[in-house]
$ cat work_5.csv   # CSV, C-alpha atoms (C1' of nucleotides)
chain,number,residue,atom,x,y,z
A,90,MET,CA,-29.5,-22.6,26.4
A,91,ASP,CA,-32.0,-20.5,24.5
A,92,THR,CA,-32.0,-21.2,20.8
A,93,GLU,CA,-32.4,-17.7,19.6
A,94,THR,CA,-31.3,-15.1,22.2
A,95,HIS,CA,-28.3,-16.3,24.1
A,96,ARG,CA,-25.9,-16.6,21.3
A,97,ASP,CA,-22.9,-14.4,20.8
A,98,ASP,CA,-22.1,-16.6,17.9
A,99,ALA,CA,-21.3,-15.4,14.4
A,100,ALA,CA,-24.9,-15.1,13.2
A,101,GLY,CA,-25.9,-13.2,16.3
A,102,ARG,CA,-23.1,-10.8,15.9
A,103,LEU,CA,-23.9,-10.2,12.3
A,104,ARG,CA,-27.5,-9.5,13.2
A,105,ALA,CA,-26.5,-7.2,16.0
A,106,ALA,CA,-24.5,-5.2,13.5
A,107,GLY,CA,-27.5,-4.9,11.2
A,108,LEU,CA,-26.1,-7.2,8.6
A,109,LYS,CA,-27.9,-10.0,6.9
A,110,VAL,CA,-26.7,-13.5,7.9
A,111,THR,CA,-25.3,-15.2,4.8
A,112,ALA,CA,-23.1,-18.2,4.2
A,113,PRO,CA,-20.1,-16.3,2.9
A,114,ARG,CA,-20.2,-14.0,5.9
A,115,LEU,CA,-20.3,-16.8,8.4
A,116,ALA,CA,-17.5,-18.6,6.5
A,117,VAL,CA,-15.3,-15.5,6.4
A,118,LEU,CA,-15.9,-14.8,10.1
A,119,ASP,CA,-15.0,-18.4,10.8
A,120,ALA,CA,-11.9,-18.3,8.5
A,121,VAL,CA,-10.5,-15.2,10.2
A,122,SER,CA,-11.3,-16.1,13.8
A,123,GLY,CA,-8.3,-17.5,15.5
A,124,HIS,CA,-6.2,-17.6,12.5
A,125,GLY,CA,-4.0,-14.6,12.9
A,126,HIS,CA,-3.6,-12.2,10.1
A,127,LEU,CA,-5.0,-13.1,6.7
A,128,ASP,CA,-5.1,-11.4,3.4
A,129,ALA,CA,-8.0,-11.6,1.0
A,130,ASP,CA,-6.5,-14.5,-0.9
A,131,ALA,CA,-5.8,-16.5,2.3
A,132,VAL,CA,-9.4,-15.9,3.4
A,133,LEU,CA,-10.7,-17.1,0.0
A,134,ALA,CA,-8.5,-20.2,0.3
A,135,ARG,CA,-10.0,-21.1,3.7
A,136,VAL,CA,-13.5,-20.2,2.7
A,137,THR,CA,-13.3,-22.3,-0.4
A,138,GLY,CA,-12.8,-25.4,1.8
A,139,THR,CA,-16.3,-25.0,3.3
A,140,LEU,CA,-18.0,-23.0,0.6
A,141,PRO,CA,-16.7,-23.9,-2.8
A,142,GLY,CA,-17.5,-21.5,-5.6
A,143,THR,CA,-17.1,-18.4,-3.5
A,144,SER,CA,-15.7,-15.5,-5.6
A,145,LEU,CA,-12.7,-13.4,-4.6
A,146,GLN,CA,-15.0,-10.4,-5.1
A,147,SER,CA,-17.4,-11.6,-2.5
A,148,ILE,CA,-14.5,-12.0,-0.1
A,149,TYR,CA,-13.6,-8.4,-0.7
A,150,ASN,CA,-17.3,-7.4,-0.2
A,151,VAL,CA,-17.6,-9.4,3.0
A,152,LEU,CA,-14.3,-8.3,4.4
A,153,GLY,CA,-15.3,-4.7,3.8
A,154,ALA,CA,-18.7,-5.1,5.3
A,155,LEU,CA,-17.4,-6.9,8.4
A,156,THR,CA,-14.6,-4.3,8.9
A,157,ASP,CA,-17.0,-1.4,8.6
A,158,ALA,CA,-19.3,-3.1,11.1
A,159,GLY,CA,-16.4,-3.5,13.5
A,160,LEU,CA,-16.4,-7.3,13.5
A,161,LEU,CA,-13.0,-7.5,11.8
A,162,ARG,CA,-10.0,-5.2,11.9
A,163,ARG,CA,-8.0,-4.3,8.8
A,164,ILE,CA,-4.3,-3.6,9.0
A,165,GLU,CA,-2.1,-2.5,6.1
A,166,PRO,CA,1.6,-2.9,6.9
A,167,ALA,CA,4.0,-1.4,4.3
A,168,GLU,CA,4.9,-3.9,1.5
A,169,SER,CA,1.9,-6.2,2.4
A,170,PRO,CA,-1.6,-6.5,1.1
A,171,ALA,CA,-4.3,-5.6,3.6
A,172,LEU,CA,-4.6,-8.1,6.4
A,173,TYR,CA,-7.6,-8.9,8.5
A,174,GLU,CA,-7.9,-10.1,12.1
A,175,SER,CA,-10.7,-10.9,14.4
A,176,ARG,CA,-9.4,-9.2,17.5
A,177,THR,CA,-11.2,-5.9,17.5
A,178,GLY,CA,-12.0,-3.3,20.1
A,179,ASP,CA,-8.7,-3.2,21.9
A,180,ASN,CA,-6.3,-1.1,19.9
A,181,HIS,CA,-3.4,-3.6,20.1
A,182,HIS,CA,-0.3,-3.2,18.0
A,183,HIS,CA,1.7,-5.4,15.6
A,184,VAL,CA,5.2,-6.7,14.9
A,185,VAL,CA,6.0,-7.4,11.3
A,186,CYS,CA,9.0,-9.5,10.1
A,187,THR,CA,11.1,-7.5,7.7
A,188,ARG,CA,12.3,-10.8,6.0
A,189,CYS,CA,9.1,-12.9,5.6
A,190,HIS,CA,6.4,-10.5,6.5
A,191,ALA,CA,5.0,-12.6,9.3
A,192,VAL,CA,2.8,-10.6,11.6
A,193,ALA,CA,2.2,-11.1,15.3
A,194,ASP,CA,0.1,-9.1,17.8
A,195,VAL,CA,1.7,-7.0,20.5
A,196,ASP,CA,-0.5,-6.7,23.4
A,197,CYS,CA,0.4,-3.2,24.3
A,198,VAL,CA,3.4,-0.9,24.6
A,199,VAL,CA,5.1,-0.7,27.9
A,200,GLY,CA,4.4,2.9,28.6
A,201,GLU,CA,0.9,2.7,27.3
A,202,PRO,CA,-0.6,6.2,27.5
A,203,PRO,CA,2.5,8.1,26.1
A,204,CYS,CA,2.0,6.6,22.7
A,205,LEU,CA,-1.3,8.4,22.4
A,206,ALA,CA,0.2,11.7,23.1
A,207,PRO,CA,2.5,13.1,20.4
A,208,SER,CA,4.5,16.1,21.6
A,209,ASP,CA,3.3,18.3,18.8
A,210,SER,CA,0.2,17.3,16.9
A,211,ALA,CA,0.5,19.9,14.1
A,212,GLY,CA,-3.1,21.1,14.7
A,213,PHE,CA,-4.6,17.6,14.2
A,214,ALA,CA,-7.3,16.3,16.4
A,215,ILE,CA,-5.9,12.9,17.1
A,216,HIS,CA,-8.1,9.9,17.9
A,217,THR,CA,-5.9,6.9,17.3
A,218,ALA,CA,-2.3,5.9,17.6
A,219,GLU,CA,-1.1,2.9,15.6
A,220,VAL,CA,2.2,1.3,16.4
A,221,THR,CA,4.0,-1.1,14.1
A,222,PHE,CA,7.2,-2.7,15.2
A,223,TRP,CA,9.6,-4.1,12.6
A,224,GLY,CA,12.1,-6.9,13.2
A,225,LEU,CA,13.0,-10.5,12.5
A,226,CYS,CA,10.6,-13.2,13.5
A,227,ALA,CA,11.9,-16.3,15.4
A,228,ASP,CA,11.9,-18.5,12.3
A,229,CYS,CA,13.9,-16.0,10.3
A,230,GLN,CA,16.4,-15.4,13.1
A,231,ARG,CA,17.0,-19.2,13.2
A,232,GLU,CA,17.4,-19.5,9.5
A,233,LEU,CA,19.8,-16.6,9.3
A,234,ALA,CA,21.8,-18.0,12.2
A,235,GLY,CA,21.7,-21.6,10.9
B,272,MET,CA,33.9,28.7,-0.7
B,273,ASP,CA,35.6,25.8,-2.4
B,274,THR,CA,33.9,24.8,-5.7
B,275,GLU,CA,34.3,21.1,-5.3
B,276,THR,CA,34.8,20.0,-1.8
B,277,HIS,CA,32.8,22.1,0.7
B,278,ARG,CA,29.4,21.4,-0.6
B,279,ASP,CA,26.8,19.4,1.2
B,280,ASP,CA,24.5,20.2,-1.6
B,281,ALA,CA,22.5,17.7,-3.6
B,282,ALA,CA,25.3,16.7,-6.0
B,283,GLY,CA,27.7,16.2,-3.1
B,284,ARG,CA,25.3,14.0,-1.2
B,285,LEU,CA,24.6,11.9,-4.3
B,286,ARG,CA,28.3,11.3,-4.8
B,287,ALA,CA,28.8,10.6,-1.1
B,288,ALA,CA,26.2,7.9,-1.5
B,289,GLY,CA,28.0,6.4,-4.5
B,290,LEU,CA,25.4,7.5,-6.9
B,291,LYS,CA,26.0,9.2,-10.2
B,292,VAL,CA,24.8,12.8,-10.4
B,293,THR,CA,22.1,13.1,-12.9
B,294,ALA,CA,19.5,15.8,-13.7
B,295,PRO,CA,16.5,13.7,-12.7
B,296,ARG,CA,18.1,12.9,-9.4
B,297,LEU,CA,18.9,16.5,-8.6
B,298,ALA,CA,15.4,17.5,-9.7
B,299,VAL,CA,13.7,14.8,-7.5
B,300,LEU,CA,15.9,15.7,-4.5
B,301,ASP,CA,14.9,19.3,-5.0
B,302,ALA,CA,11.2,18.5,-5.5
B,303,VAL,CA,11.0,16.5,-2.3
B,304,SER,CA,13.1,18.8,-0.1
B,305,GLY,CA,11.1,21.0,2.0
B,306,HIS,CA,7.8,20.0,0.4
B,307,GLY,CA,6.4,17.7,3.0
B,308,HIS,CA,5.2,14.3,1.9
B,309,LEU,CA,4.9,13.6,-1.8
B,310,ASP,CA,3.8,10.6,-3.8
B,311,ALA,CA,5.4,9.6,-7.1
B,312,ASP,CA,2.8,11.5,-9.2
B,313,ALA,CA,3.3,14.7,-7.1
B,314,VAL,CA,7.1,14.4,-7.5
B,315,LEU,CA,6.7,13.9,-11.3
B,316,ALA,CA,4.5,17.0,-11.4
B,317,ARG,CA,7.1,19.1,-9.7
B,318,VAL,CA,10.0,17.6,-11.7
B,319,THR,CA,8.2,18.2,-14.9
B,320,GLY,CA,8.3,21.9,-14.2
B,321,THR,CA,12.1,22.0,-14.3
B,322,LEU,CA,12.8,19.0,-16.4
B,323,PRO,CA,10.0,18.3,-18.9
B,324,GLY,CA,9.9,14.9,-20.6
B,325,THR,CA,10.8,13.0,-17.5
B,326,SER,CA,9.0,9.7,-17.3
B,327,LEU,CA,7.1,8.4,-14.3
B,328,GLN,CA,9.2,5.3,-14.5
B,329,SER,CA,12.3,7.4,-13.9
B,330,ILE,CA,10.7,9.0,-10.9
B,331,TYR,CA,10.1,5.5,-9.5
B,332,ASN,CA,13.7,4.6,-10.3
B,333,VAL,CA,15.1,7.7,-8.7
B,334,LEU,CA,12.9,7.6,-5.6
B,335,GLY,CA,13.9,3.9,-5.1
B,336,ALA,CA,17.6,4.7,-5.5
B,337,LEU,CA,17.5,7.7,-3.2
B,338,THR,CA,15.5,5.8,-0.6
B,339,ASP,CA,17.9,2.9,-0.7
B,340,ALA,CA,20.8,5.4,-0.3
B,341,GLY,CA,19.2,6.9,2.7
B,342,LEU,CA,18.7,10.3,1.1
B,343,LEU,CA,14.9,10.0,1.2
B,344,ARG,CA,12.5,8.2,3.5
B,345,ARG,CA,9.5,6.3,2.3
B,346,ILE,CA,6.3,6.0,4.3
B,347,GLU,CA,3.3,4.0,3.4
B,348,PRO,CA,0.2,5.0,5.4
B,349,ALA,CA,-2.9,2.8,5.0
B,350,GLU,CA,-5.1,4.0,2.1
B,351,SER,CA,-2.4,6.1,0.6
B,352,PRO,CA,0.3,5.5,-2.1
B,353,ALA,CA,3.9,5.6,-0.9
B,354,LEU,CA,5.0,9.0,0.2
B,355,TYR,CA,8.5,10.4,0.2
B,356,GLU,CA,10.1,12.9,2.5
B,357,SER,CA,13.5,14.4,2.8
B,358,ARG,CA,13.8,14.3,6.5
B,359,THR,CA,15.9,11.2,7.2
B,360,GLY,CA,18.0,9.8,10.0
B,361,ASP,CA,15.8,10.8,12.9
B,362,ASN,CA,13.0,8.2,13.2
B,363,HIS,CA,10.2,10.8,13.5
B,364,HIS,CA,6.6,9.8,13.3
B,365,HIS,CA,3.5,11.0,11.3
B,366,VAL,CA,-0.1,12.2,11.8
B,367,VAL,CA,-2.4,11.4,8.9
B,368,CYS,CA,-5.8,13.0,8.4
B,369,THR,CA,-8.6,10.4,8.2
B,370,ARG,CA,-10.6,12.7,5.9
B,371,CYS,CA,-8.2,14.2,3.4
B,372,HIS,CA,-5.1,12.1,4.0
B,373,ALA,CA,-2.9,15.1,4.7
B,374,VAL,CA,0.3,14.1,6.5
B,375,ALA,CA,2.4,16.0,9.0
B,376,ASP,CA,5.5,15.1,10.9
B,377,VAL,CA,5.4,14.5,14.7
B,378,ASP,CA,8.7,15.2,16.2
B,379,CYS,CA,8.5,12.5,18.8
B,380,VAL,CA,6.2,10.8,21.2
B,381,VAL,CA,6.1,12.2,24.7
B,382,GLY,CA,7.4,9.2,26.5
B,383,GLU,CA,10.0,8.4,23.9
B,384,PRO,CA,11.6,5.2,24.9
B,385,PRO,CA,8.5,3.2,25.8
B,386,CYS,CA,7.4,3.1,22.2
B,387,LEU,CA,10.4,1.1,21.3
B,388,ALA,CA,9.7,-1.5,23.9
B,389,PRO,CA,6.7,-3.7,23.3
B,390,SER,CA,5.6,-5.6,26.4
B,391,ASP,CA,5.8,-8.9,24.6
B,392,SER,CA,7.6,-9.2,21.3
B,393,ALA,CA,6.4,-12.6,20.3
B,394,GLY,CA,10.0,-13.8,19.7
B,395,PHE,CA,10.8,-11.1,17.3
B,396,ALA,CA,14.1,-9.3,17.3
B,397,ILE,CA,12.7,-5.8,17.0
B,398,HIS,CA,14.8,-3.0,15.4
B,399,THR,CA,12.3,-0.2,14.6
B,400,ALA,CA,9.1,1.2,16.0
B,401,GLU,CA,6.9,3.1,13.6
B,402,VAL,CA,4.1,5.2,15.0
B,403,THR,CA,1.2,6.6,12.9
B,404,PHE,CA,-1.3,8.9,14.5
B,405,TRP,CA,-4.7,9.3,12.9
B,406,GLY,CA,-7.0,12.3,13.3
B,407,LEU,CA,-8.5,15.3,11.7
B,408,CYS,CA,-6.3,18.0,10.2
B,409,ALA,CA,-6.9,21.6,11.0
B,410,ASP,CA,-8.5,22.3,7.6
B,411,CYS,CA,-10.9,19.4,7.9
B,412,GLN,CA,-11.8,20.3,11.5
B,413,ARG,CA,-12.7,23.8,10.2
B,414,GLU,CA,-14.7,22.5,7.2
B,415,LEU,CA,-16.7,20.1,9.4
B,416,ALA,CA,-17.4,22.7,12.0
B,417,GLY,CA,-18.8,24.8,9.1
C,159,DG,C1',39.5,16.2,-24.4
C,160,DC,C1',38.0,11.5,-25.8
C,161,DA,C1',36.9,6.6,-25.8
C,162,DG,C1',35.2,2.9,-22.8
C,163,DT,C1',32.6,1.1,-19.1
C,164,DT,C1',29.0,1.1,-16.2
C,165,DG,C1',25.1,2.9,-14.3
C,166,DT,C1',20.7,5.5,-15.6
C,167,DT,C1',16.8,6.7,-18.1
C,168,DT,C1',13.4,5.7,-21.4
C,169,DT,C1',9.9,3.0,-23.7
C,170,DG,C1',6.7,-0.4,-23.5
C,171,DA,C1',4.5,-4.0,-21.4
C,172,DG,C1',2.9,-6.6,-17.3
C,173,DT,C1',1.4,-7.7,-12.5
C,174,DG,C1',-1.0,-7.7,-8.0
C,175,DA,C1',-4.4,-5.8,-5.1
C,176,DT,C1',-8.4,-3.8,-5.2
C,177,DT,C1',-12.6,-1.3,-6.9
C,178,DC,C1',-16.6,-0.4,-10.0
C,179,DA,C1',-21.0,-1.7,-12.2
C,180,DA,C1',-24.8,-4.3,-13.5
C,181,DA,C1',-27.4,-8.4,-13.3
C,182,DA,C1',-28.7,-12.6,-10.8
C,183,DC,C1',-29.9,-14.0,-6.5
C,184,DA,C1',-31.1,-14.8,-1.4
C,185,DA,C1',-32.5,-12.9,3.5
C,186,DC,C1',-35.6,-10.9,6.1
C,187,DT,C1',-40.4,-8.5,6.5
C,188,DC,C1',-45.2,-8.6,6.5
D,21,DG,C1',-45.4,-17.0,0.3
D,22,DA,C1',-44.6,-12.5,-2.2
D,23,DG,C1',-42.1,-8.3,-2.1
D,24,DT,C1',-38.3,-5.5,-0.9
D,25,DT,C1',-33.8,-4.7,0.0
D,26,DG,C1',-29.3,-6.0,0.6
D,27,DT,C1',-25.7,-9.6,-1.2
D,28,DT,C1',-23.2,-12.2,-4.3
D,29,DT,C1',-21.6,-13.1,-8.7
D,30,DT,C1',-19.7,-12.0,-13.2
D,31,DG,C1',-16.9,-9.3,-15.8
D,32,DA,C1',-14.3,-5.4,-16.6
D,33,DA,C1',-11.5,-1.6,-15.1
D,34,DT,C1',-8.2,1.0,-12.2
D,35,DC,C1',-4.3,2.3,-9.4
D,36,DA,C1',0.3,1.9,-7.9
D,37,DC,C1',4.0,-0.1,-9.0
D,38,DT,C1',7.5,-3.5,-11.2
D,39,DC,C1',10.0,-5.9,-15.0
D,40,DA,C1',12.9,-6.0,-19.1
D,41,DA,C1',15.4,-4.4,-23.0
D,42,DA,C1',17.2,-0.8,-25.6
D,43,DA,C1',18.9,4.0,-25.9
D,44,DC,C1',21.7,7.0,-23.5
D,45,DA,C1',24.7,9.8,-20.3
D,46,DA,C1',28.2,10.1,-16.1
D,47,DC,C1',32.5,9.1,-14.5
D,48,DT,C1',37.2,6.6,-15.3
D,49,DG,C1',41.5,6.4,-17.2
D,50,DC,C1',44.3,7.6,-20.9

$ encode --input "work_5.csv" --output "structure tokens"
Amino acid sequence: MDTETHRDDAAGRLRAAGLKVTAPRLAVLDAVSGHGHLDADAVLARVTGTLPGTSLQSIYNVLGALTDAGLLRRIEPAESPALYESRTGDNHHHVVCTRCHAVADVDCVVGEPPCLAPSDSAGFAIHTAEVTFWGLCADCQRELAG
Amino acid sequence: MDTETHRDDAAGRLRAAGLKVTAPRLAVLDAVSGHGHLDADAVLARVTGTLPGTSLQSIYNVLGALTDAGLLRRIEPAESPALYESRTGDNHHHVVCTRCHAVADVDCVVGEPPCLAPSDSAGFAIHTAEVTFWGLCADCQRELAG
DNA sequence: GCAGTTGTTTTGAGTGATTCAAAACAACTC
DNA sequence: GAGTTGTTTTGAATCACTCAAAACAACTGC
């Protein structure tokens, strides 16, 4: 294993994106990776564990930079603050719980292509289709049935 | 034409929804109807024309009440304040311009039903699918083409 | 028509999420 | 190891919206 070249780790991906490698960035990347959908406060809470003294403003700066660089994806469901996830590149969709606002990924819609093709695009040159499903998460279903 | 019964006008619809008929409500209903997608400020601007002295707070109250009553629909595209439209009942979708945030209706997606059926719903009991298309509106395409 | 009740609007203040700006600081370059 | 440039921090400000209490106006029943 080469020490410098063969790493698709966090530092390498930051460099590849033309960003300087800093402790807050590594910490944010680590905090978001594999932890679903986090808002800025939740990211700060996780980052504070490994890097105490980090400011919320820095979290916003870092999240913005990483999102612009394509290393994170930002979603903004109605009624929720912005959420960040590490799964980028595939344009997957989301299910949001109408009761507790939990969010889960939806791999893709059954009929895949149709969702990228509105019947009438009103003169818009469309490049993305974003699908948000709304429903009750498993926990809330159970609590309401209970 | 019966003066009281045969009207599906604004006052009648308010009463049918169990709401009192007030000047601000009629003005808001009128302001939103047939004027696309307006945020609270834009509604206030229109209402102020016919009903000067109306407060922004009242606009929020009214928009909330009318939305709860199903007389208006609220959408919240990422990066925009909440927008209100008068077209309710059909669950139509929207195209948003990534440059100027203009919004247009999209009657329905080509493959209709697939969009309501995610391949894996992560245990959620889904009741709505919301589709937002992102692209460049006609005006912005023209301006960028120069 | 008029008083009473209840829902609505106004006024004023407050909050949460996010952004702006300037100064202190730390990565990378040479 | 010094310089340059991009980052982070600190502190304040903004935007969209909500909360609460008091003033007010619609509908009800008489």

$ interface_residues --input "work_5.csv" --of "chain D" --to "chain A" --cutoff "12 Å" --atoms "all atoms listed in the file" --output "list in words"
DT25, DG26, DT27, DT28, DT29, DT30, DG31, DA36 and DC37 of chain D

$ write_last_selection --input "work_5.csv" --atoms "C-alpha atoms (C1' of nucleotides)" --output "PDB file, in the coordinates of the input"
ATOM      1  C1'  DT D  25     -33.800  -4.700   0.000  1.00  0.00           C
ATOM      2  C1'  DG D  26     -29.300  -6.000   0.600  1.00  0.00           C
ATOM      3  C1'  DT D  27     -25.700  -9.600  -1.200  1.00  0.00           C
ATOM      4  C1'  DT D  28     -23.200 -12.200  -4.300  1.00  0.00           C
ATOM      5  C1'  DT D  29     -21.600 -13.100  -8.700  1.00  0.00           C
ATOM      6  C1'  DT D  30     -19.700 -12.000 -13.200  1.00  0.00           C
ATOM      7  C1'  DG D  31     -16.900  -9.300 -15.800  1.00  0.00           C
ATOM      8  C1'  DA D  36       0.300   1.900  -7.900  1.00  0.00           C
ATOM      9  C1'  DC D  37       4.000  -0.100  -9.000  1.00  0.00           C
TER      10       DC D  37
END

$ atom_distance --input "work_5.csv" --atom1 "CA of Gly212 in chain A" --atom2 "CA of Ala409 in chain B"
5.3 Å

$ interface_residues --input "work_5.csv" --of "chain C" --to "chain B" --cutoff "12 Å" --atoms "all atoms listed in the file" --output "list in words"
DT164, DG165, DT166, DT167, DT168, DT169, DG170 and DT176 of chain C

$ residues_around --input "work_5.csv" --residues "DG162 in chain C" --least-positions-apart "2" --cutoff "10 Å" --atoms "all atoms listed in the file" --output "list in words"
DC160 and DT164 of chain C; DT48 and DG49 of chain D

$ closest_residue --input "work_5.csv" --among "B:Arg344, B:His365, B:Arg358, B:Arg284" --to "chain A" --atoms "all atoms listed in the file"
B:His365

$ closest_residue --input "work_5.csv" --among "A:Val185, A:Asp179, A:Leu103, A:Glu165" --to "chain B" --atoms "all atoms listed in the file"
A:Glu165

$ residues_around --input "work_5.csv" --residues "DA171 in chain C" --least-positions-apart "4" --cutoff "12 Å" --atoms "only C-alpha atoms (C1' of nucleotides)" --output "PyMOL selection string"
chain D and resi 38-41

$ atom_distance --input "work_5.csv" --atom1 "C1' of DG174 in chain C" --atom2 "CA of Tyr173 in chain A"
17.8 Å

$ atom_distance --input "work_5.csv" --atom1 "CA of Ala191 in chain A" --atom2 "CA of Trp405 in chain B"
24.2 Å

$ residues_around --input "work_5.csv" --residues "range 135-141 of chain A" --least-positions-apart "4" --cutoff "7 Å" --atoms "all atoms listed in the file" --output "ChimeraX atom specification"
/A:116-117,120,131

$ closest_residue --input "work_5.csv" --among "A:Ala134, A:Ile215, A:Cys189, A:Cys229" --to "chain B" --atoms "all atoms listed in the file"
A:Ile215

$ residues_near_point --input "work_5.csv" --point "(-10.5, 4.7, -2.0)" --cutoff "9 Å" --atoms "only C-alpha atoms (C1' of nucleotides)" --output "list in words"
Glu350 and Ser351 of chain B; DT177 of chain C
